[in-house]
>>> print(open('structure26.txt').read())   # compact mmCIF, C-alpha atoms
# COMPACT_ATOMS: atom_id res chain seq x y z
CA MET A 1 103.98 164.26 114.85
CA SER A 2 105.70 160.98 114.21
CA ARG A 3 109.47 161.09 114.47
CA THR A 4 111.99 159.12 112.48
CA ILE A 5 114.73 157.45 114.47
CA THR A 6 117.89 156.16 112.85
CA LEU A 7 119.89 153.65 114.82
CA VAL A 8 123.42 152.84 113.77
CA LEU A 9 124.23 149.49 115.26
CA LEU A 10 127.95 148.89 115.53
CA SER A 11 127.82 145.69 117.57
CA GLY A 12 126.51 142.28 116.82
CA SER A 13 125.47 139.72 116.40
CA THR A 14 123.84 137.41 118.90
CA GLU A 15 124.34 137.40 122.70
CA ASN A 16 125.08 141.10 122.56
CA ASP A 17 123.47 143.67 124.84
CA ASP A 18 123.70 146.43 122.26
CA ALA A 19 122.11 144.43 119.48
CA VAL A 20 119.27 143.25 121.72
CA PHE A 21 118.68 146.80 122.92
CA ALA A 22 118.64 148.24 119.39
CA VAL A 23 116.22 145.61 118.11
CA ASN A 24 113.85 145.81 121.08
CA LEU A 25 113.87 149.60 121.12
CA SER A 26 113.20 149.67 117.38
CA LYS A 27 110.15 147.50 117.83
CA ALA A 28 108.82 149.67 120.66
CA ILE A 29 109.30 152.83 118.59
CA LEU A 30 107.47 151.30 115.63
CA GLU A 31 104.62 150.17 117.86
CA LYS A 32 104.31 153.73 119.22
CA GLY A 33 103.95 155.12 115.72
CA GLY A 34 107.52 156.21 115.09
CA LYS A 35 109.56 155.37 112.03
CA VAL A 36 112.81 153.42 112.26
CA ASN A 37 115.88 153.21 110.09
CA LEU A 38 118.44 150.66 111.21
CA PHE A 39 121.90 150.81 109.68
CA LEU A 40 123.97 147.69 110.33
CA TYR A 41 127.54 148.91 110.39
CA GLY A 42 130.79 147.26 111.45
CA ASN A 43 130.07 144.07 113.37
CA GLY A 44 126.39 145.02 113.24
CA CYS A 45 126.33 143.73 109.66
CA ASN A 46 126.50 140.19 111.06
CA LEU A 47 122.82 140.55 111.96
CA ALA A 48 121.80 140.94 108.32
CA ASN A 49 122.11 137.41 107.04
CA LYS A 50 119.88 134.41 106.88
CA PRO A 51 120.93 131.53 109.12
CA VAL A 52 122.66 128.69 107.26
CA PRO A 53 122.17 125.41 109.12
CA VAL A 54 124.96 122.88 108.97
CA GLU A 55 124.27 119.85 106.78
CA GLY A 56 123.83 116.66 108.73
CA ARG A 57 123.83 116.39 112.47
CA SER A 58 124.88 119.48 114.40
CA ALA A 59 127.42 119.03 117.18
CA ILE A 60 125.35 121.36 119.35
CA SER A 61 123.27 119.56 121.95
CA ASP A 62 119.52 120.13 122.06
CA ALA A 63 119.85 121.79 125.46
CA LEU A 64 122.54 124.17 124.26
CA ARG A 65 120.61 124.85 121.05
CA ALA A 66 117.52 125.76 123.06
CA HIS A 67 119.61 128.12 125.17
CA MET A 68 121.24 129.76 122.15
CA ASP A 69 117.97 130.12 120.25
CA GLY A 70 116.78 132.49 122.95
CA TYR A 71 119.44 134.98 121.88
CA VAL A 72 119.13 134.71 118.11
CA LEU A 73 117.74 137.90 116.63
CA SER A 74 117.02 136.81 113.04
CA GLU A 75 113.27 136.53 113.48
CA LYS A 76 113.11 139.83 115.36
CA ILE A 77 115.01 141.57 112.56
CA GLU A 78 112.54 140.27 109.99
CA GLU A 79 109.66 141.30 112.25
CA LEU A 80 111.02 144.86 112.28
CA THR A 81 110.94 145.01 108.50
CA ARG A 82 107.36 143.70 108.51
CA LEU A 83 106.47 146.50 110.93
CA GLY A 84 107.93 149.05 108.52
CA ALA A 85 111.54 149.50 109.58
CA LYS A 86 114.06 150.22 106.87
CA ILE A 87 117.16 148.12 107.47
CA ALA A 88 120.33 148.41 105.44
CA THR A 89 123.83 147.05 105.77
CA CYS A 90 127.22 148.49 104.98
CA HIS A 91 128.56 146.28 102.20
CA THR A 92 132.15 147.34 102.87
CA THR A 93 132.03 146.04 106.42
CA GLU A 94 130.39 142.88 105.07
CA TYR A 95 133.22 142.46 102.59
CA SER A 96 135.85 142.66 105.29
CA ARG A 97 134.01 140.01 107.32
CA GLY A 98 133.60 137.68 104.35
CA THR A 99 129.81 137.92 104.30
CA GLU A 100 129.22 140.25 101.37
CA GLY A 101 127.68 137.47 99.26
CA CYS A 102 125.55 135.88 101.98
CA PRO A 103 121.77 136.05 101.55
CA TYR A 104 119.92 138.62 103.60
CA LEU A 105 117.06 138.17 105.99
CA ASP A 106 113.73 139.16 104.47
CA GLY A 107 113.47 142.92 104.16
CA VAL A 108 117.12 143.70 104.80
CA GLU A 109 118.81 145.64 102.01
CA ARG A 110 122.37 145.85 100.83
CA GLY A 111 123.64 149.34 101.52
CA ASP A 112 126.54 151.66 102.07
CA VAL A 113 127.54 154.80 103.94
CA GLY A 114 127.51 157.15 100.98
CA ASN A 115 124.04 156.23 99.77
CA SER A 116 121.82 154.30 102.19
CA TYR A 117 123.10 155.79 105.42
CA THR A 118 123.14 159.29 104.00
CA ARG A 119 119.52 158.95 102.89
CA PHE A 120 118.62 157.73 106.35
CA LEU A 121 120.28 160.76 107.91
CA MET A 122 118.57 163.22 105.61
CA ALA A 123 115.17 162.10 106.87
CA THR A 124 116.06 161.57 110.53
CA ASP A 125 114.86 163.41 113.61
CA VAL A 126 116.93 161.42 116.11
CA LEU A 127 120.20 159.57 115.50
CA LEU A 128 121.31 156.94 117.98
CA ALA A 129 124.67 155.21 117.61
CA ILE A 130 124.66 151.98 119.61
CA GLY A 131 127.65 149.76 120.31
CA ASN A 132 131.34 150.03 119.66
CA MET B 1 117.87 167.00 126.49
CA LEU B 2 117.80 163.22 126.80
CA LEU B 3 121.25 161.66 127.08
CA LEU B 4 121.44 157.95 126.33
CA LEU B 5 124.34 156.23 128.08
CA ASN B 6 125.04 152.56 127.42
CA LYS B 7 128.55 151.93 128.72
CA MET B 8 130.56 152.71 131.84
CA ARG B 9 132.93 155.37 130.53
CA LYS B 10 134.67 158.12 132.47
CA GLU B 11 134.59 160.35 129.37
CA TYR B 12 130.84 160.90 129.76
CA ALA B 13 131.38 163.72 132.25
CA GLU B 14 133.27 165.88 129.80
CA GLU B 15 130.97 164.94 126.91
CA ILE B 16 127.87 165.91 128.89
CA ARG B 17 129.50 169.16 129.98
CA VAL B 18 130.40 170.08 126.39
CA LEU B 19 127.34 168.80 124.54
CA ALA B 20 124.53 169.56 126.97
CA GLY B 21 125.79 172.78 128.53
CA ASP B 22 122.97 174.57 130.32
CA GLU B 23 120.17 172.45 128.82
CA ASP B 24 117.81 170.59 131.11
CA LYS B 25 119.30 167.13 131.30
CA THR B 26 117.78 163.68 131.65
CA VAL B 27 119.79 160.48 131.37
CA LEU B 28 118.57 157.12 130.14
CA LEU B 29 120.87 154.36 131.34
CA VAL B 30 120.96 151.19 129.26
CA GLY B 31 123.34 148.24 129.06
CA ASP B 32 126.29 148.45 131.42
CA ALA B 33 125.56 152.15 132.05
CA VAL B 34 122.86 151.08 134.52
CA PHE B 35 125.71 150.75 137.03
CA PHE B 36 125.68 154.57 137.12
CA GLY B 37 122.32 154.24 138.83
CA LEU B 38 123.67 152.41 141.87
CA PRO B 39 123.38 154.15 145.22
CA GLY B 40 126.28 156.56 145.60
CA MET B 41 126.86 156.93 141.87
CA LEU B 42 124.33 159.64 141.05
CA PRO B 43 126.09 162.67 142.57
CA GLY B 44 128.63 162.59 139.74
CA LEU B 45 125.82 163.07 137.22
CA GLU B 46 123.91 165.51 139.42
CA GLU B 47 127.00 167.71 139.55
CA LEU B 48 126.74 167.96 135.77
CA GLY B 49 123.16 169.21 136.06
CA VAL B 50 121.35 165.96 135.37
CA GLU B 51 117.94 166.19 137.02
CA GLU B 52 116.11 163.06 135.93
CA PHE B 53 117.30 159.47 135.75
CA TYR B 54 115.84 156.49 133.92
CA ALA B 55 117.24 152.97 133.57
CA ALA B 56 116.32 150.15 131.23
CA GLU B 57 114.38 147.49 133.07
CA ASP B 58 115.90 144.51 131.28
CA ALA B 59 119.47 145.72 131.81
CA VAL B 60 118.84 146.24 135.53
CA GLN B 61 117.22 142.84 135.94
CA ALA B 62 119.92 141.04 133.94
CA ARG B 63 122.54 142.40 136.33
CA GLY B 64 120.51 141.82 139.48
CA LEU B 65 120.86 145.43 140.61
CA THR B 66 118.93 147.57 143.04
CA LEU B 67 119.30 151.16 141.93
CA ASP B 68 119.04 154.47 143.75
CA PRO B 69 115.35 155.32 144.35
CA LYS B 70 115.79 158.46 142.26
CA VAL B 71 116.21 156.26 139.16
CA ARG B 72 112.97 155.40 137.41
CA ILE B 73 112.89 151.96 135.78
CA VAL B 74 111.45 151.91 132.26
CA ASP B 75 110.53 149.16 129.82
CA TYR B 76 110.95 149.45 126.06
CA PRO B 77 107.61 151.25 125.44
CA GLY B 78 108.66 153.68 128.16
CA MET B 79 112.02 154.29 126.50
CA ALA B 80 110.31 154.77 123.14
CA GLY B 81 108.09 157.39 124.78
CA LEU B 82 111.08 159.24 126.21
CA ILE B 83 112.66 159.37 122.77
CA LEU B 84 109.59 160.03 120.63
CA ASP B 85 107.46 162.24 122.84
CA ASP B 86 109.23 163.69 125.84
CA HIS B 87 112.44 165.24 124.54
CA ASP B 88 113.17 167.47 121.56
CA GLN B 89 116.85 166.62 121.68
CA VAL B 90 118.19 163.10 122.11
CA VAL B 91 121.91 162.38 122.17
CA ALA B 92 123.50 158.92 122.36
CA LEU B 93 126.91 159.17 123.98
>>> encode(input="structure26.txt", output="C-alpha cells")
Amino acid sequence: MSRTITLVLLSGSTENDDAVFAVNLSKAILEKGGKVNLFLYGNGCNLANKPVPVEGRSAISDALRAHMDGYVLSEKIEELTRLGAKIATCHTTEYSRGTEGCPYLDGVERGDVGNSYTRFLMATDVLLAIGN
Amino acid sequence: MLLLLNKMRKEYAEEIRVLAGDEDKTVLLVGDAVFFGLPGMLPGLEELGVEEFYAAEDAVQARGLTLDPKVRIVDYPGMAGLILDDHDQVVAL
C-alpha cells in the first residue's frame, strides 16, 4: 500500500542541510511509489519562489555563480511537482518575509495552515517536521 | 518505531523515553545528528532501547566522518524504504 508522507519544512532556502534533505527524500519517496505533500512553513517558504535575476551584469563572479548554482533547489522543487508532489506555502510566513506577492515556481501553490496544511494532515500516514 | 533525528540535541533522550516507550526502536540519523553515530556515542541511545542505527550517506560524507560499525549507511532510496516499507510508526524528533 502506498503511503502518503507530509513534510513540513521549516528551514530554507539554499545552502541548507534541512532543505536539501527534505527535497532529496521527497524525490526518493515519490520514485518508490509514495505520495508526498511538502508544506513550506517559516523560512521554508523562501523555497517557493521563482528566481529573479538582477538586470544587467551581476556582481557575482562566474566561479562563485557556478559554486552557488550547485546548491540552488528551484529546479528540484519543480521536479517534485512534476513527479506528483503537492507543495504549498504558508502565505502568512511569506507576508512577514516580504515575499507574499512573488511568483511561485511551477506547481507550487499558495497555502495556509488552516486550509492547505490541514488537508495535507487529514490524508497523511507519516508526518515529518524538518528544520527549525 | 523509526525515530528520525536531524540535530545534536540533548533533549532527544527524554523525548525518546516518553514517545517510544517500550516500542522496538530504530534511529535514522540525518544532518548534524550523524555525529551521534561516532564511535563511543551509541551507548547513550542503546540505553534508551535503540537497537538499530542508520545514517544518511550524504550527511556522513559531507562531514568526513567514520561512524561506529553498528551504524548502517543509507542513501535516499534506502531512507525512503525505511519510511515507506519498514516501519509502521515514524517520528521526526
>>> closest_residue(input="structure26.txt", among="B:Val90, B:Leu84, B:Ile73, B:Ala56", to="Asp24 of chain B", atoms="only C-alpha atoms")
B:Val90
>>> atom_distance(input="structure26.txt", atom1="atom CA of Asp17 of chain A", atom2="atom CA of Asp88 of chain B")
26.1 Å
>>> closest_residue(input="structure26.txt", among="B:Leu42, B:Leu67, B:Leu29, B:Ala20", to="chain A", atoms="all atoms listed in the file")
B:Leu29
>>> interface_residues(input="structure26.txt", of="chain B", to="chain A", cutoff="9 Å", atoms="only C-alpha atoms", output="PDB file with C-alpha atoms, in the frame of the given file")
ATOM      1  CA  LEU B   4     121.440 157.950 126.330  1.00  0.00           C
ATOM      2  CA  ASN B   6     125.040 152.560 127.420  1.00  0.00           C
ATOM      3  CA  LYS B   7     128.550 151.930 128.720  1.00  0.00           C
ATOM      4  CA  VAL B  30     120.960 151.190 129.260  1.00  0.00           C
ATOM      5  CA  GLY B  31     123.340 148.240 129.060  1.00  0.00           C
ATOM      6  CA  ASP B  32     126.290 148.450 131.420  1.00  0.00           C
ATOM      7  CA  ALA B  59     119.470 145.720 131.810  1.00  0.00           C
ATOM      8  CA  TYR B  76     110.950 149.450 126.060  1.00  0.00           C
ATOM      9  CA  PRO B  77     107.610 151.250 125.440  1.00  0.00           C
ATOM     10  CA  GLY B  78     108.660 153.680 128.160  1.00  0.00           C
ATOM     11  CA  MET B  79     112.020 154.290 126.500  1.00  0.00           C
ATOM     12  CA  ALA B  80     110.310 154.770 123.140  1.00  0.00           C
ATOM     13  CA  GLY B  81     108.090 157.390 124.780  1.00  0.00           C
ATOM     14  CA  ILE B  83     112.660 159.370 122.770  1.00  0.00           C
ATOM     15  CA  LEU B  84     109.590 160.030 120.630  1.00  0.00           C
ATOM     16  CA  ASP B  85     107.460 162.240 122.840  1.00  0.00           C
ATOM     17  CA  ASP B  88     113.170 167.470 121.560  1.00  0.00           C
ATOM     18  CA  GLN B  89     116.850 166.620 121.680  1.00  0.00           C
ATOM     19  CA  VAL B  90     118.190 163.100 122.110  1.00  0.00           C
ATOM     20  CA  VAL B  91     121.910 162.380 122.170  1.00  0.00           C
ATOM     21  CA  ALA B  92     123.500 158.920 122.360  1.00  0.00           C
ATOM     22  CA  LEU B  93     126.910 159.170 123.980  1.00  0.00           C
TER      23      LEU B  93
END
>>> residues_around(input="structure26.txt", residues="Ile16 of chain B", least_positions_apart="2", cutoff="12 Å", atoms="only C-alpha atoms", output="number ranges by chain")
B: 1-5, 9-14, 18-27, 44-50, 91-93
>>> residues_near_point(input="structure26.txt", point="(121.0, 145.5, 108.1)", cutoff="12 Å", atoms="all atoms listed in the file", output="ChimeraX atom specification")
/A:7-13,19,22-23,37-50,73-74,77-78,80-81,85-91,93-94,100,103-112,116-117
>>> atom_distance(input="structure26.txt", atom1="atom CA of Pro43 of chain B", atom2="atom CA of Val60 of chain B")
19.3 Å
>>> atom_distance(input="structure26.txt", atom1="atom CA of Ala33 of chain B", atom2="atom CA of Met8 of chain B")
5.0 Å
>>> residues_around(input="structure26.txt", residues="Val72 of chain A", least_positions_apart="3", cutoff="7 Å", atoms="all atoms listed in the file", output="VMD selection string")
chain A and resid 14 68 to 69
>>> axis_aligned_box(input="structure26.txt", around="segment 35-49 of chain B", padding_each_side="5 Å", output="JSON")
{"center_x": 125.5, "center_y": 160.0, "center_z": 140.7, "size_x": 16.3, "size_y": 28.5, "size_z": 19.8}
>>> closest_residue(input="structure26.txt", among="B:Val34, B:Leu82, B:Leu28, B:Met41", to="Tyr54 of chain B", atoms="only C-alpha atoms")
B:Leu28
>>> build_atoms(input="structure26.txt", residues="segment 7-37 of chain A", atoms="N, CA and C atoms", output="PDB file, in the coordinates of the input")
ATOM      1  N   LEU A   7     118.947 154.312 113.924  1.00  0.00           N
ATOM      2  CA  LEU A   7     119.890 153.650 114.820  1.00  0.00           C
ATOM      3  C   LEU A   7     121.040 153.102 113.986  1.00  0.00           C
ATOM      4  N   VAL A   8     122.233 153.450 114.367  1.00  0.00           N
ATOM      5  CA  VAL A   8     123.420 152.840 113.770  1.00  0.00           C
ATOM      6  C   VAL A   8     123.908 151.802 114.755  1.00  0.00           C
ATOM      7  N   LEU A   9     123.824 150.561 114.354  1.00  0.00           N
ATOM      8  CA  LEU A   9     124.230 149.490 115.260  1.00  0.00           C
ATOM      9  C   LEU A   9     125.620 149.008 114.878  1.00  0.00           C
ATOM     10  N   LEU A  10     126.545 149.213 115.789  1.00  0.00           N
ATOM     11  CA  LEU A  10     127.950 148.890 115.530  1.00  0.00           C
ATOM     12  C   LEU A  10     128.366 147.557 116.139  1.00  0.00           C
ATOM     13  N   SER A  11     127.487 146.953 116.912  1.00  0.00           N
ATOM     14  CA  SER A  11     127.820 145.690 117.570  1.00  0.00           C
ATOM     15  C   SER A  11     126.868 144.605 117.132  1.00  0.00           C
ATOM     16  N   GLY A  12     127.341 143.432 117.133  1.00  0.00           N
ATOM     17  CA  GLY A  12     126.510 142.280 116.820  1.00  0.00           C
ATOM     18  C   GLY A  12     127.335 141.048 117.046  1.00  0.00           C
ATOM     19  N   SER A  13     126.836 139.918 116.829  1.00  0.00           N
ATOM     20  CA  SER A  13     125.470 139.720 116.400  1.00  0.00           C
ATOM     21  C   SER A  13     124.639 139.221 117.579  1.00  0.00           C
ATOM     22  N   THR A  14     124.692 137.941 117.846  1.00  0.00           N
ATOM     23  CA  THR A  14     123.840 137.410 118.900  1.00  0.00           C
ATOM     24  C   THR A  14     124.547 137.520 120.260  1.00  0.00           C
ATOM     25  N   GLU A  15     123.806 137.322 121.335  1.00  0.00           N
ATOM     26  CA  GLU A  15     124.340 137.400 122.700  1.00  0.00           C
ATOM     27  C   GLU A  15     125.033 138.739 122.934  1.00  0.00           C
ATOM     28  N   ASN A  16     124.444 139.790 122.438  1.00  0.00           N
ATOM     29  CA  ASN A  16     125.080 141.100 122.560  1.00  0.00           C
ATOM     30  C   ASN A  16     124.053 142.095 123.079  1.00  0.00           C
ATOM     31  N   ASP A  17     124.360 142.698 124.196  1.00  0.00           N
ATOM     32  CA  ASP A  17     123.470 143.670 124.840  1.00  0.00           C
ATOM     33  C   ASP A  17     123.036 144.772 123.884  1.00  0.00           C
ATOM     34  N   ASP A  18     123.996 145.307 123.145  1.00  0.00           N
ATOM     35  CA  ASP A  18     123.700 146.430 122.260  1.00  0.00           C
ATOM     36  C   ASP A  18     122.741 146.037 121.150  1.00  0.00           C
ATOM     37  N   ALA A  19     122.978 144.876 120.566  1.00  0.00           N
ATOM     38  CA  ALA A  19     122.110 144.430 119.480  1.00  0.00           C
ATOM     39  C   ALA A  19     120.694 144.165 119.994  1.00  0.00           C
ATOM     40  N   VAL A  20     120.591 143.524 121.140  1.00  0.00           N
ATOM     41  CA  VAL A  20     119.270 143.250 121.720  1.00  0.00           C
ATOM     42  C   VAL A  20     118.552 144.550 122.032  1.00  0.00           C
ATOM     43  N   PHE A  21     119.282 145.502 122.602  1.00  0.00           N
ATOM     44  CA  PHE A  21     118.680 146.800 122.920  1.00  0.00           C
ATOM     45  C   PHE A  21     118.187 147.486 121.650  1.00  0.00           C
ATOM     46  N   ALA A  22     119.018 147.534 120.624  1.00  0.00           N
ATOM     47  CA  ALA A  22     118.640 148.240 119.390  1.00  0.00           C
ATOM     48  C   ALA A  22     117.406 147.616 118.755  1.00  0.00           C
ATOM     49  N   VAL A  23     117.356 146.291 118.744  1.00  0.00           N
ATOM     50  CA  VAL A  23     116.220 145.610 118.110  1.00  0.00           C
ATOM     51  C   VAL A  23     114.945 145.805 118.937  1.00  0.00           C
ATOM     52  N   ASN A  24     115.044 145.653 120.233  1.00  0.00           N
ATOM     53  CA  ASN A  24     113.850 145.810 121.080  1.00  0.00           C
ATOM     54  C   ASN A  24     113.351 147.256 121.101  1.00  0.00           C
ATOM     55  N   LEU A  25     114.281 148.203 121.142  1.00  0.00           N
ATOM     56  CA  LEU A  25     113.870 149.600 121.120  1.00  0.00           C
ATOM     57  C   LEU A  25     113.227 149.950 119.773  1.00  0.00           C
ATOM     58  N   SER A  26     113.781 149.427 118.701  1.00  0.00           N
ATOM     59  CA  SER A  26     113.200 149.670 117.380  1.00  0.00           C
ATOM     60  C   SER A  26     111.760 149.205 117.321  1.00  0.00           C
ATOM     61  N   LYS A  27     111.510 148.028 117.851  1.00  0.00           N
ATOM     62  CA  LYS A  27     110.150 147.500 117.830  1.00  0.00           C
ATOM     63  C   LYS A  27     109.208 148.395 118.643  1.00  0.00           C
ATOM     64  N   ALA A  28     109.666 148.821 119.809  1.00  0.00           N
ATOM     65  CA  ALA A  28     108.820 149.670 120.660  1.00  0.00           C
ATOM     66  C   ALA A  28     108.526 151.003 119.981  1.00  0.00           C
ATOM     67  N   ILE A  29     109.508 151.560 119.295  1.00  0.00           N
ATOM     68  CA  ILE A  29     109.300 152.830 118.590  1.00  0.00           C
ATOM     69  C   ILE A  29     108.291 152.653 117.461  1.00  0.00           C
ATOM     70  N   LEU A  30     108.418 151.573 116.713  1.00  0.00           N
ATOM     71  CA  LEU A  30     107.470 151.300 115.630  1.00  0.00           C
ATOM     72  C   LEU A  30     106.056 151.130 116.177  1.00  0.00           C
ATOM     73  N   GLU A  31     105.949 150.428 117.282  1.00  0.00           N
ATOM     74  CA  GLU A  31     104.620 150.170 117.860  1.00  0.00           C
ATOM     75  C   GLU A  31     104.004 151.443 118.449  1.00  0.00           C
ATOM     76  N   LYS A  32     104.835 152.438 118.737  1.00  0.00           N
ATOM     77  CA  LYS A  32     104.310 153.730 119.220  1.00  0.00           C
ATOM     78  C   LYS A  32     104.062 154.713 118.085  1.00  0.00           C
ATOM     79  N   GLY A  33     104.245 154.257 116.860  1.00  0.00           N
ATOM     80  CA  GLY A  33     103.950 155.120 115.720  1.00  0.00           C
ATOM     81  C   GLY A  33     105.139 155.850 115.133  1.00  0.00           C
ATOM     82  N   GLY A  34     106.327 155.605 115.661  1.00  0.00           N
ATOM     83  CA  GLY A  34     107.520 156.210 115.090  1.00  0.00           C
ATOM     84  C   GLY A  34     108.004 155.431 113.878  1.00  0.00           C
ATOM     85  N   LYS A  35     108.940 156.050 113.170  1.00  0.00           N
ATOM     86  CA  LYS A  35     109.560 155.370 112.030  1.00  0.00           C
ATOM     87  C   LYS A  35     110.996 155.016 112.412  1.00  0.00           C
ATOM     88  N   VAL A  36     111.473 153.895 111.888  1.00  0.00           N
ATOM     89  CA  VAL A  36     112.810 153.420 112.260  1.00  0.00           C
ATOM     90  C   VAL A  36     113.636 153.102 111.024  1.00  0.00           C
ATOM     91  N   ASN A  37     114.842 153.659 111.011  1.00  0.00           N
ATOM     92  CA  ASN A  37     115.880 153.210 110.090  1.00  0.00           C
ATOM     93  C   ASN A  37     116.946 152.526 110.930  1.00  0.00           C
TER      94      ASN A  37
END
